file start-v9.cif (mmCIF, C-alpha atoms, pLDDT in the B column; chains and numbers go by the auth columns)
data_input
#
loop_
_atom_site.group_PDB
_atom_site.id
_atom_site.type_symbol
_atom_site.label_atom_id
_atom_site.label_comp_id
_atom_site.label_asym_id
_atom_site.label_seq_id
_atom_site.Cartn_x
_atom_site.Cartn_y
_atom_site.Cartn_z
_atom_site.B_iso_or_equiv
_atom_site.auth_seq_id
_atom_site.auth_asym_id
ATOM 1 C CA MET A 1 -38.359 20.552 -53.316 43.00 5 C
ATOM 2 C CA SER A 2 -36.402 17.674 -54.750 48.00 6 C
ATOM 3 C CA GLU A 3 -36.671 14.193 -53.245 50.00 7 C
ATOM 4 C CA THR A 4 -33.216 14.631 -51.682 51.00 8 C
ATOM 5 C CA GLU A 5 -34.189 17.940 -50.047 55.00 9 C
ATOM 6 C CA THR A 6 -37.404 16.416 -48.705 50.00 10 C
ATOM 7 C CA SER A 7 -35.463 13.498 -47.289 53.00 11 C
ATOM 8 C CA GLN A 8 -32.991 15.820 -45.559 51.00 12 C
ATOM 9 C CA VAL A 9 -35.733 17.968 -44.047 60.00 13 C
ATOM 10 C CA ASP A 10 -37.434 14.810 -42.815 85.00 14 C
ATOM 11 C CA HIS A 11 -34.212 13.723 -41.086 86.00 15 C
ATOM 12 C CA ARG A 12 -34.098 16.912 -39.037 83.00 16 C
ATOM 13 C CA ARG A 13 -37.781 16.655 -38.127 88.00 17 C
ATOM 14 C CA LEU A 14 -37.427 13.007 -37.205 90.00 18 C
ATOM 15 C CA GLY A 15 -34.348 13.784 -35.102 90.00 19 C
ATOM 16 C CA VAL A 16 -36.240 16.418 -33.136 90.00 20 C
ATOM 17 C CA ASP A 17 -39.408 14.339 -32.791 94.00 21 C
ATOM 18 C CA LEU A 18 -37.479 11.284 -31.606 95.00 22 C
ATOM 19 C CA TYR A 19 -35.470 13.400 -29.155 94.00 23 C
ATOM 20 C CA ASN A 20 -38.715 14.668 -27.645 95.00 24 C
ATOM 21 C CA ALA A 21 -40.212 11.162 -27.600 96.00 25 C
ATOM 22 C CA THR A 22 -37.133 9.925 -25.746 97.00 26 C
ATOM 23 C CA TRP A 23 -37.539 12.640 -23.116 94.00 27 C
ATOM 24 C CA ALA A 24 -41.218 11.824 -22.699 96.00 28 C
ATOM 25 C CA LEU A 25 -40.187 8.275 -21.801 96.00 29 C
ATOM 26 C CA LEU A 26 -37.208 9.342 -19.681 95.00 30 C
ATOM 27 C CA ASP A 27 -39.493 11.491 -17.547 92.00 31 C
ATOM 28 C CA ARG A 28 -41.643 8.492 -16.606 94.00 32 C
ATOM 29 C CA ASP A 29 -40.941 6.230 -13.645 91.00 33 C
ATOM 30 C CA ASP A 30 -43.458 3.586 -14.701 95.00 34 C
ATOM 31 C CA ARG A 31 -42.056 2.454 -18.056 96.00 35 C
ATOM 32 C CA THR A 32 -42.688 -1.090 -19.179 97.00 36 C
ATOM 33 C CA PRO A 33 -39.813 -3.172 -20.584 97.00 37 C
ATOM 34 C CA GLU A 34 -41.217 -2.502 -24.055 97.00 38 C
ATOM 35 C CA GLU A 35 -41.171 1.241 -23.376 97.00 39 C
ATOM 36 C CA ASP A 36 -37.578 0.954 -22.152 97.00 40 C
ATOM 37 C CA ASP A 37 -36.724 -0.680 -25.478 97.00 41 C
ATOM 38 C CA ALA A 38 -38.567 2.074 -27.333 97.00 42 C
ATOM 39 C CA MET A 39 -36.703 4.741 -25.341 97.00 43 C
ATOM 40 C CA ILE A 40 -33.312 3.262 -26.242 98.00 44 C
ATOM 41 C CA ALA A 41 -34.307 2.933 -29.895 97.00 45 C
ATOM 42 C CA ALA A 42 -35.713 6.468 -30.031 97.00 46 C
ATOM 43 C CA ALA A 43 -32.528 7.978 -28.587 97.00 47 C
ATOM 44 C CA HIS A 44 -30.331 6.196 -31.105 97.00 48 C
ATOM 45 C CA ALA A 45 -32.710 6.932 -33.975 95.00 49 C
ATOM 46 C CA SER A 46 -32.770 10.609 -33.021 95.00 50 C
ATOM 47 C CA MET A 47 -28.983 10.766 -33.148 94.00 51 C
ATOM 48 C CA HIS A 48 -28.945 8.944 -36.487 93.00 52 C
ATOM 49 C CA HIS A 49 -31.483 11.262 -38.075 91.00 53 C
ATOM 50 C CA TRP A 50 -29.682 14.361 -36.803 88.00 54 C
ATOM 51 C CA SER A 51 -26.469 13.020 -38.344 89.00 55 C
ATOM 52 C CA GLN A 52 -28.252 12.862 -41.713 86.00 56 C
ATOM 53 C CA ALA A 53 -29.596 16.428 -41.614 82.00 57 C
ATOM 54 C CA PRO A 54 -28.027 18.651 -44.287 80.00 58 C
ATOM 55 C CA ASP A 55 -26.784 21.307 -41.871 80.00 59 C
ATOM 56 C CA VAL A 56 -25.837 19.108 -38.936 82.00 60 C
ATOM 57 C CA GLN A 57 -23.484 20.838 -36.527 84.00 61 C
ATOM 58 C CA PRO A 58 -20.989 19.147 -34.188 85.00 62 C
ATOM 59 C CA GLN A 59 -23.078 20.108 -31.174 85.00 63 C
ATOM 60 C CA ASN A 60 -26.112 18.307 -32.649 88.00 64 C
ATOM 61 C CA LEU A 61 -24.111 15.100 -32.854 91.00 65 C
ATOM 62 C CA GLY A 62 -22.647 15.638 -29.402 93.00 66 C
ATOM 63 C CA ARG A 63 -26.043 16.246 -27.880 94.00 67 C
ATOM 64 C CA GLY A 64 -27.302 13.096 -29.571 95.00 68 C
ATOM 65 C CA HIS A 65 -24.517 11.203 -27.827 97.00 69 C
ATOM 66 C CA TRP A 66 -25.500 12.918 -24.573 97.00 70 C
ATOM 67 C CA LEU A 67 -29.089 11.683 -24.940 97.00 71 C
ATOM 68 C CA CYS A 68 -27.939 8.135 -25.679 98.00 72 C
ATOM 69 C CA SER A 69 -25.597 8.277 -22.690 98.00 73 C
ATOM 70 C CA ARG A 70 -28.393 9.468 -20.391 97.00 74 C
ATOM 71 C CA VAL A 71 -30.741 6.736 -21.588 98.00 75 C
ATOM 72 C CA HIS A 72 -28.122 4.036 -21.081 98.00 76 C
ATOM 73 C CA ALA A 73 -27.280 5.425 -17.640 98.00 77 C
ATOM 74 C CA VAL A 74 -30.962 5.329 -16.654 96.00 78 C
ATOM 75 C CA MET A 75 -31.070 1.734 -17.913 97.00 79 C
ATOM 76 C CA ALA A 76 -27.985 0.878 -15.785 96.00 80 C
ATOM 77 C CA GLN A 77 -25.896 0.113 -18.882 97.00 81 C
ATOM 78 C CA PRO A 78 -22.609 1.780 -17.911 97.00 82 C
ATOM 79 C CA ASP A 79 -20.495 0.680 -20.886 98.00 83 C
ATOM 80 C CA ALA A 80 -22.895 2.144 -23.448 98.00 84 C
ATOM 81 C CA ALA A 81 -23.403 5.253 -21.296 98.00 85 C
ATOM 82 C CA ALA A 82 -19.637 5.772 -21.061 98.00 86 C
ATOM 83 C CA TYR A 83 -19.122 5.234 -24.792 98.00 87 C
ATOM 84 C CA HIS A 84 -21.608 7.948 -25.732 98.00 88 C
ATOM 85 C CA ALA A 85 -20.413 10.317 -23.005 98.00 89 C
ATOM 86 C CA ASP A 86 -16.838 9.925 -24.233 98.00 90 C
ATOM 87 C CA ARG A 87 -17.886 10.644 -27.821 97.00 91 C
ATOM 88 C CA TYR A 88 -19.570 13.853 -26.640 97.00 92 C
ATOM 89 C CA VAL A 89 -16.485 14.917 -24.670 97.00 93 C
ATOM 90 C CA THR A 90 -14.344 14.336 -27.767 97.00 94 C
ATOM 91 C CA ILE A 91 -16.682 16.444 -29.891 95.00 95 C
ATOM 92 C CA ALA A 92 -16.960 19.203 -27.270 95.00 96 C
ATOM 93 C CA GLU A 93 -13.173 19.413 -26.892 94.00 97 C
ATOM 94 C CA SER A 94 -12.337 19.365 -30.594 94.00 98 C
ATOM 95 C CA GLN A 95 -15.169 21.099 -32.452 87.00 99 C
ATOM 96 C CA PRO A 96 -16.819 24.522 -32.356 88.00 100 C
ATOM 97 C CA VAL A 97 -19.749 24.042 -29.961 90.00 101 C
ATOM 98 C CA ALA A 98 -21.752 26.126 -27.500 90.00 102 C
ATOM 99 C CA ASP A 99 -20.098 27.211 -24.269 93.00 103 C
ATOM 100 C CA TRP A 100 -22.137 24.693 -22.254 95.00 104 C
ATOM 101 C CA ASP A 101 -21.464 21.582 -24.336 94.00 105 C
ATOM 102 C CA LEU A 102 -18.251 20.567 -22.562 96.00 106 C
ATOM 103 C CA ALA A 103 -19.885 20.854 -19.126 97.00 107 C
ATOM 104 C CA ALA A 104 -22.822 18.744 -20.353 97.00 108 C
ATOM 105 C CA ALA A 105 -20.463 16.149 -21.826 97.00 109 C
ATOM 106 C CA LEU A 106 -18.549 15.925 -18.560 98.00 110 C
ATOM 107 C CA GLU A 107 -21.845 15.553 -16.671 98.00 111 C
ATOM 108 C CA ALA A 108 -22.682 12.586 -18.903 98.00 112 C
ATOM 109 C CA SER A 109 -19.261 11.095 -18.158 98.00 113 C
ATOM 110 C CA ALA A 110 -19.819 11.577 -14.426 98.00 114 C
ATOM 111 C CA ARG A 111 -23.200 9.858 -14.596 98.00 115 C
ATOM 112 C CA ALA A 112 -21.823 6.947 -16.639 98.00 116 C
ATOM 113 C CA SER A 113 -18.964 6.512 -14.160 98.00 117 C
ATOM 114 C CA ALA A 114 -21.367 6.580 -11.218 98.00 118 C
ATOM 115 C CA VAL A 115 -23.592 3.958 -12.845 97.00 119 C
ATOM 116 C CA ALA A 116 -20.482 1.807 -13.272 97.00 120 C
ATOM 117 C CA GLY A 117 -19.648 2.275 -9.596 97.00 121 C
ATOM 118 C CA ASP A 118 -16.413 4.119 -10.386 97.00 122 C
ATOM 119 C CA TRP A 119 -16.944 6.781 -7.745 97.00 123 C
ATOM 120 C CA ASP A 120 -13.485 8.349 -8.050 97.00 124 C
ATOM 121 C CA ALA A 121 -13.979 8.946 -11.774 98.00 125 C
ATOM 122 C CA ALA A 122 -17.531 10.199 -11.201 97.00 126 C
ATOM 123 C CA GLU A 123 -16.317 12.726 -8.625 97.00 127 C
ATOM 124 C CA ASP A 124 -13.512 13.842 -10.942 97.00 128 C
ATOM 125 C CA PHE A 125 -15.916 14.355 -13.848 98.00 129 C
ATOM 126 C CA VAL A 126 -18.331 16.281 -11.611 97.00 130 C
ATOM 127 C CA ALA A 127 -15.500 18.566 -10.503 97.00 131 C
ATOM 128 C CA ARG A 128 -14.373 19.081 -14.102 97.00 132 C
ATOM 129 C CA ALA A 129 -17.953 19.800 -15.185 97.00 133 C
ATOM 130 C CA ARG A 130 -18.404 22.352 -12.401 97.00 134 C
ATOM 131 C CA THR A 131 -15.186 24.047 -13.516 97.00 135 C
ATOM 132 C CA ALA A 132 -16.447 24.092 -17.107 96.00 136 C
ATOM 133 C CA CYS A 133 -19.696 25.654 -15.879 96.00 137 C
ATOM 134 C CA ALA A 134 -17.739 28.781 -14.948 95.00 138 C
ATOM 135 C CA SER A 135 -17.268 29.422 -18.690 93.00 139 C
ATOM 136 C CA ILE A 136 -20.992 29.373 -19.475 95.00 140 C
ATOM 137 C CA ALA A 137 -22.161 32.909 -20.226 95.00 141 C
ATOM 138 C CA GLN A 138 -25.919 32.461 -19.792 95.00 142 C
ATOM 139 C CA ASP A 139 -27.129 31.842 -16.233 95.00 143 C
ATOM 140 C CA GLU A 140 -30.018 29.710 -17.491 95.00 144 C
ATOM 141 C CA ASP A 141 -27.692 27.395 -19.438 94.00 145 C
ATOM 142 C CA ARG A 142 -25.338 27.070 -16.461 96.00 146 C
ATOM 143 C CA GLU A 143 -28.229 26.327 -14.093 96.00 147 C
ATOM 144 C CA VAL A 144 -29.485 23.488 -16.321 95.00 148 C
ATOM 145 C CA ILE A 145 -26.082 21.784 -16.201 95.00 149 C
ATOM 146 C CA GLU A 146 -25.706 22.396 -12.466 96.00 150 C
ATOM 147 C CA LYS A 147 -29.120 20.842 -11.797 96.00 151 C
ATOM 148 C CA ASP A 148 -28.122 17.790 -13.851 94.00 152 C
ATOM 149 C CA LEU A 149 -24.869 17.561 -11.900 96.00 153 C
ATOM 150 C CA ASP A 150 -26.852 17.574 -8.664 96.00 154 C
ATOM 151 C CA THR A 151 -28.641 14.401 -9.821 94.00 155 C
ATOM 152 C CA VAL A 152 -25.478 12.380 -10.548 96.00 156 C
ATOM 153 C CA PRO A 153 -25.481 9.433 -8.124 93.00 157 C
ATOM 154 C CA HIS A 154 -23.054 9.802 -5.207 91.00 158 C
ATOM 155 C CA ARG A 155 -20.728 7.346 -3.537 87.00 159 C
ATOM 156 C CA PRO A 156 -22.784 5.170 -1.172 84.00 160 C
#

call {"tool": "encode", "arguments": {"input": "start-v9.cif", "output": "structure tokens"}}
result
Amino acid sequence: MSETETSQVDHRRLGVDLYNATWALLDRDDRTPEEDDAMIAAAHASMHHWSQAPDVQPQNLGRGHWLCSRVHAVMAQPDAAAYHADRYVTIAESQPVADWDLAAALEASARASAVAGDWDAAEDFVARARTACASIAQDEDREVIEKDLDTVPHRP
């Protein structure tokens, strides 16, 4: 393998490893401030490395934005969460992606809106995501999105 090919393979591996590391931190309720910082950095690094992979697909980039949006939502950073959710929606609406990507992107938008306290927008995005779920062929894929939608914060 040439140095360039090795570098590209490493980008994909790093993207996957950092994605998994981000989830390991997201799943914890007892993160320290330093671990919160690491979680944010890992999410963004994962997206960056995926973008450098030789065969990156639009859905890989979109899902990287989804992860960044989720992390920022968990960290109560609504502007960053909304930015990444919006990027994913744009990708899901304009590029060839899996049948569940648009529903996932709309879920991220709903969560970002809820974190910002924009309950009307959050409810609208949830409704749009549930409509998009009807187009998902695989029950398992649809159920994952529906479970995520059930965890979007609701109007107090």

call {"tool": "resolve_selection", "arguments": {"input": "start-v9.cif", "expression": "the PyMOL selection byres ((chain C and resi 146) around 12)", "output": "NGL selection string"}}
result
:C and (102-108 or 133-145 or 147-153)

call {"tool": "residues_around", "arguments": {"input": "start-v9.cif", "residues": "Val75 of chain C", "least_positions_apart": "3", "cutoff": "8 Å", "atoms": "all atoms listed in the file", "output": "list in words"}}
result
Leu30, Met43, Ile44, Ala47, Leu71, Cys72, Val78, Met79 and Ala85 of chain C

call {"tool": "atom_distance", "arguments": {"input": "start-v9.cif", "atom1": "atom CA of Ala46 of chain C", "atom2": "atom CA of Trp27 of chain C"}}
result
9.4 Å

call {"tool": "resolve_selection", "arguments": {"input": "start-v9.cif", "expression": "the PyMOL selection byres ((chain C and resi 122) around 12)", "output": "ChimeraX atom specification"}}
result
/C:82-83,86,113-121,123-129,157-160

call {"tool": "write_last_selection", "arguments": {"input": "start-v9.cif", "atoms": "C-alpha atoms", "output": "PDB file, in the coordinates of the input"}}
result
ATOM      1  CA  PRO C  82     -22.609   1.780 -17.911  1.00 97.00           C
ATOM      2  CA  ASP C  83     -20.495   0.680 -20.886  1.00 98.00           C
ATOM      3  CA  ALA C  86     -19.637   5.772 -21.061  1.00 98.00           C
ATOM      4  CA  SER C 113     -19.261  11.095 -18.158  1.00 98.00           C
ATOM      5  CA  ALA C 114     -19.819  11.577 -14.426  1.00 98.00           C
ATOM      6  CA  ARG C 115     -23.200   9.858 -14.596  1.00 98.00           C
ATOM      7  CA  ALA C 116     -21.823   6.947 -16.639  1.00 98.00           C
ATOM      8  CA  SER C 117     -18.964   6.512 -14.160  1.00 98.00           C
ATOM      9  CA  ALA C 118     -21.367   6.580 -11.218  1.00 98.00           C
ATOM     10  CA  VAL C 119     -23.592   3.958 -12.845  1.00 97.00           C
ATOM     11  CA  ALA C 120     -20.482   1.807 -13.272  1.00 97.00           C
ATOM     12  CA  GLY C 121     -19.648   2.275  -9.596  1.00 97.00           C
ATOM     13  CA  TRP C 123     -16.944   6.781  -7.745  1.00 97.00           C
ATOM     14  CA  ASP C 124     -13.485   8.349  -8.050  1.00 97.00           C
ATOM     15  CA  ALA C 125     -13.979   8.946 -11.774  1.00 98.00           C
ATOM     16  CA  ALA C 126     -17.531  10.199 -11.201  1.00 97.00           C
ATOM     17  CA  GLU C 127     -16.317  12.726  -8.625  1.00 97.00           C
ATOM     18  CA  ASP C 128     -13.512  13.842 -10.942  1.00 97.00           C
ATOM     19  CA  PHE C 129     -15.916  14.355 -13.848  1.00 98.00           C
ATOM     20  CA  PRO C 157     -25.481   9.433  -8.124  1.00 93.00           C
ATOM     21  CA  HIS C 158     -23.054   9.802  -5.207  1.00 91.00           C
ATOM     22  CA  ARG C 159     -20.728   7.346  -3.537  1.00 87.00           C
ATOM     23  CA  PRO C 160     -22.784   5.170  -1.172  1.00 84.00           C
TER      24      PRO C 160
END

call {"tool": "atom_distance", "arguments": {"input": "start-v9.cif", "atom1": "atom CA of Gln61 of chain C", "atom2": "atom CA of Leu110 of chain C"}}
result
19.3 Å

call {"tool": "residues_near_point", "arguments": {"input": "start-v9.cif", "point": "(-17.2, 19.1, -30.6)", "cutoff": "10 Å", "atoms": "only C-alpha atoms", "output": "CSV table (one decimal) with C-alpha atoms, keeping the file's coordinate frame"}}
result
chain,number,residue,atom,x,y,z
C,61,GLN,CA,-23.5,20.8,-36.5
C,62,PRO,CA,-21.0,19.1,-34.2
C,63,GLN,CA,-23.1,20.1,-31.2
C,64,ASN,CA,-26.1,18.3,-32.6
C,65,LEU,CA,-24.1,15.1,-32.9
C,66,GLY,CA,-22.6,15.6,-29.4
C,67,ARG,CA,-26.0,16.2,-27.9
C,91,ARG,CA,-17.9,10.6,-27.8
C,92,TYR,CA,-19.6,13.9,-26.6
C,93,VAL,CA,-16.5,14.9,-24.7
C,94,THR,CA,-14.3,14.3,-27.8
C,95,ILE,CA,-16.7,16.4,-29.9
C,96,ALA,CA,-17.0,19.2,-27.3
C,97,GLU,CA,-13.2,19.4,-26.9
C,98,SER,CA,-12.3,19.4,-30.6
C,99,GLN,CA,-15.2,21.1,-32.5
C,100,PRO,CA,-16.8,24.5,-32.4
C,101,VAL,CA,-19.7,24.0,-30.0
C,102,ALA,CA,-21.8,26.1,-27.5
C,105,ASP,CA,-21.5,21.6,-24.3
C,106,LEU,CA,-18.3,20.6,-22.6
C,109,ALA,CA,-20.5,16.1,-21.8

call {"tool": "axis_aligned_box", "arguments": {"input": "start-v9.cif", "around": "segment 16-34 of chain C", "padding_each_side": "6 Å", "output": "JSON"}}
result
{"center_x": -38.8, "center_y": 10.2, "center_z": -26.3, "size_x": 21.4, "size_y": 25.3, "size_z": 37.4}

call {"tool": "atom_distance", "arguments": {"input": "start-v9.cif", "atom1": "atom CA of Asp21 of chain C", "atom2": "atom CA of Asp154 of chain C"}}
result
27.4 Å

call {"tool": "resolve_selection", "arguments": {"input": "start-v9.cif", "expression": "the PyMOL selection byres ((chain C and resi 53-57) around 7)", "output": "list in words"}}
result
Gln12, Val13, His15, Arg16, Leu18, Gly19, Ala49, Ser50, Met51, His52, Pro58, Asp59, Val60, Asn64 and Leu65 of chain C
